[in-house]
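Participant: Mind looking over this structure? Questions follow.
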Amino acid sequence: MMKLNNITKVYGKGSLEVPVLHGIDLAIEDGEFIAIMGPSGSGKSTLMNIIGFLDYPTSGTYELNGEIINSAKESALAKLRNEHIGFVFQQFFMFPRDNALKNVASPLIYAGISKRERTERAKQMLTKVGLEDRMKHLPGELSGGQKQRVAIARALVNNPTIILADEPTGALDSKTSAQIMKLFTQLNEEGKTVIIVTHEEEIAAYAKRIITIKDGMITDDRGVVAS
Ligand code: ADP
Ligand code: MG
């Protein structure tokens with residue numbers, strides 16, 4: 001489980017300081033399916049980046065499975081990220097000259113896994129997201145929904161416990177968005193902790209718990225599980 005205690009984040013220094021998060025307290029149990037909502041600029045992406053070890057809080061503590069990790073070194077954070085986190089973004093972030101299979105296999109290169117096993121695992125993940133017939137396609141030859149499925153397969157390839165998705169349907173039409181949300185629902189049913197950021201009520205409705213953030217503070221938390 002994850003526990004954020006009085007987390008703050010300030011970007012910049014001196015007269016250029018931008019305070020963004022103002023004391024976030026949040027406990028997330030394994031296996032939850034959470035949507036984070038809130039206006040543009042309210043600090044949603046900043047919070048996701050801290051949860052996913054892409055950024056450090058300015059103050060406060062972050063515990064993962066009972067260990068305080070926000071004082072950890074970058075190398076230790078990178079290890080935690082690799083073991084626990086799969087990230088999905090609105091803009092997909094594919095390597096444009098690599099086919100779907102290579103894009104999905106790419107995180108495994110840094111994990112030091114043999115090429116044969118990388119390819120095998122990437123094939124399994126693309127099959128899981130329903131793209132077994134698109135493995136050799138380049139990103140430019142795929143629809144938005146297919147690109148997001150490739151991105152989800154890539155997020156899954158390290159077998160993370162937590163999937164973080166920052167506006168994963170922001171660039172998709174509503175029918176495609178629904179298909180992507182069904183895929184996140186399936187992953188959650190299989191045991192993954194899933195946390196998504198969205199602007200849209202219909203998208204948030206797929207989650208079991210909805211957290212609202214305004215001006216860097218949690219203003220609402222519905223459907224929280226009793227612990
Ligand atoms: P959201 O995802 O809710 O739209 P963000 O977390 O991206 O909000 O941003 C919250 C605030 O922090 C915004 O005012 C944004 O301009 C600012 N901000 C985000 N990233 C940085 C950064 N790297 N440096 C300075 N300010 C930033
Ligand atoms: Mg954002």
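Letters for chains follow the order of the structure tokens (A, B, ...), residue numbers begin at 1 for each chain, and ligand numbers begin at 1 in the order shown.
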Please extract the residues at most 9 Å from ligand 1, counting only C-alpha atoms and all ligand atoms, and provide them as JSON, numbers by chain, using the chain letters and residue numbers of this document.
Facilitator: {"A": [9, 10, 11, 12, 16, 17, 18, 19, 20, 21, 37, 38, 39, 40, 41, 42, 43, 44, 45, 46, 47, 48, 49, 166, 167, 197, 213, 214, 215, 216]}
Participant: For range 75-77 of chain A, please output as a list in words all residues within 9 Å (counting only C-alpha atoms; exclusion window: fewer than 6 positions along the same chain).
Facilitator: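 Surrounding residues, per the criterion: Phe53, Leu54 and Ile69 of chain A.
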Participant: For Gly140 in chain A, work out the shell of residues within 10 Å, counting only C-alpha atoms and skipping chain neighbours fewer than 3 positions away, then give it as a PyMOL selection string.
Facilitator: chain A and resi 94+96-99+137+143-144+147
Participant: Write down as an MDAnalysis selection string the residues belonging to range 30-130 of chain A that are assigned alpha helix (DSSP H) by DSSP computed on the backbone.
Facilitator: chainID A and resid 44:51 74:84 100:110 115:128
Participant: Selection from above, C-alpha atoms, as a PDB file, in the first residue's frame, can you write it?
Facilitator:
```pdb
ATOM      1  CA  LYS A  44      -3.000  16.313 -10.633  1.00  0.00           C
ATOM      2  CA  SER A  45       0.010  15.513 -12.803  1.00  0.00           C
ATOM      3  CA  THR A  46       2.392  16.696 -10.091  1.00  0.00           C
ATOM      4  CA  LEU A  47       0.711  14.310  -7.642  1.00  0.00           C
ATOM      5  CA  MET A  48       0.839  11.413 -10.131  1.00  0.00           C
ATOM      6  CA  ASN A  49       4.528  12.055 -10.776  1.00  0.00           C
ATOM      7  CA  ILE A  50       5.245  11.922  -7.045  1.00  0.00           C
ATOM      8  CA  ILE A  51       3.179   8.731  -6.624  1.00  0.00           C
ATOM      9  CA  GLU A  74      17.597   8.504  -7.630  1.00  0.00           C
ATOM     10  CA  SER A  75      19.020   5.032  -8.359  1.00  0.00           C
ATOM     11  CA  ALA A  76      16.824   3.551  -5.628  1.00  0.00           C
ATOM     12  CA  LEU A  77      13.808   5.431  -6.966  1.00  0.00           C
ATOM     13  CA  ALA A  78      14.487   4.137 -10.466  1.00  0.00           C
ATOM     14  CA  LYS A  79      14.515   0.589  -9.083  1.00  0.00           C
ATOM     15  CA  LEU A  80      11.198   1.108  -7.270  1.00  0.00           C
ATOM     16  CA  ARG A  81       9.739   2.619 -10.433  1.00  0.00           C
ATOM     17  CA  ASN A  82      10.821  -0.397 -12.475  1.00  0.00           C
ATOM     18  CA  GLU A  83       9.461  -2.900  -9.990  1.00  0.00           C
ATOM     19  CA  HIS A  84       6.175  -1.259  -9.100  1.00  0.00           C
ATOM     20  CA  ALA A 100       4.610  -1.824 -31.654  1.00  0.00           C
ATOM     21  CA  LEU A 101       6.578  -4.874 -30.519  1.00  0.00           C
ATOM     22  CA  LYS A 102       9.816  -2.903 -30.083  1.00  0.00           C
ATOM     23  CA  ASN A 103       8.025  -0.079 -28.287  1.00  0.00           C
ATOM     24  CA  VAL A 104       6.482  -2.515 -25.812  1.00  0.00           C
ATOM     25  CA  ALA A 105       9.783  -4.357 -25.277  1.00  0.00           C
ATOM     26  CA  SER A 106      11.799  -1.159 -24.758  1.00  0.00           C
ATOM     27  CA  PRO A 107      11.540  -0.910 -20.915  1.00  0.00           C
ATOM     28  CA  LEU A 108      13.001  -4.410 -20.633  1.00  0.00           C
ATOM     29  CA  ILE A 109      16.276  -3.350 -22.221  1.00  0.00           C
ATOM     30  CA  TYR A 110      17.077  -1.361 -19.051  1.00  0.00           C
ATOM     31  CA  LYS A 115      16.307 -10.072 -26.530  1.00  0.00           C
ATOM     32  CA  ARG A 116      14.462 -13.355 -26.914  1.00  0.00           C
ATOM     33  CA  GLU A 117      12.640 -12.939 -23.615  1.00  0.00           C
ATOM     34  CA  ARG A 118      11.943  -9.260 -24.308  1.00  0.00           C
ATOM     35  CA  THR A 119      10.243 -10.172 -27.563  1.00  0.00           C
ATOM     36  CA  GLU A 120       8.318 -13.015 -25.935  1.00  0.00           C
ATOM     37  CA  ARG A 121       6.999 -10.809 -23.121  1.00  0.00           C
ATOM     38  CA  ALA A 122       6.146  -7.944 -25.477  1.00  0.00           C
ATOM     39  CA  LYS A 123       4.150 -10.372 -27.655  1.00  0.00           C
ATOM     40  CA  GLN A 124       2.241 -11.609 -24.616  1.00  0.00           C
ATOM     41  CA  MET A 125       1.373  -8.064 -23.551  1.00  0.00           C
ATOM     42  CA  LEU A 126       0.265  -6.986 -27.033  1.00  0.00           C
ATOM     43  CA  THR A 127      -1.943 -10.074 -27.184  1.00  0.00           C
ATOM     44  CA  LYS A 128      -3.376  -9.185 -23.787  1.00  0.00           C
TER      45      LYS A 128
END
```
Participant: Looking only at strand (DSSP E or B) from DSSP on the backbone, list the matching residues of range 123-169 of chain A as a JSON list (two decimals) with C-alpha atoms, in the first residue's frame.
Facilitator:
```json
[["chain", "number", "residue", "atom", "x", "y", "z"],
["A", 162, "ILE", "CA", 0.54, -0.12, -9.90],
["A", 163, "ILE", "CA", -0.67, 1.40, -13.17],
["A", 164, "LEU", "CA", -0.69, 5.21, -13.29],
["A", 165, "ALA", "CA", -2.47, 6.81, -16.24],
["A", 166, "ASP", "CA", -2.46, 10.61, -16.65]]
```
Participant: In terms of the shortest atom-to-atom distance over only C-alpha atoms, which of A:Val194, A:Phe184, A:Ala204, A:Phe87 is closest to Val157 in chain A?
Facilitator: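 The shortest atom-to-atom distance to Val157 in chain A comes from A:Phe87.
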Participant: To one decimal place, how far is CA of Glu132 in chain A from CA of Leu187 in chain A in Å?
Facilitator: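 The value is 17.7 Å.
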Participant: Using only C-alpha atoms for the distances, tell me which of A:His22, A:Arg154, A:Lys3, A:Arg149 is nearest to Leu183 in chain A.
Facilitator: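 The closest residue to Leu183 in chain A is A:Arg149.
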Participant: Interatomic distance between CA of Ile34 in chain A and CA of Asn158 in chain A?
Facilitator: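 Computed distance, CA of Ile34 in chain A to CA of Asn158 in chain A, equals 21.2 Å.
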Participant: Could you please determine the separation between CA of Glu141 in chain A and CA of Lys182 in chain A in Å, to one decimal place?
Facilitator: 23.3 Å
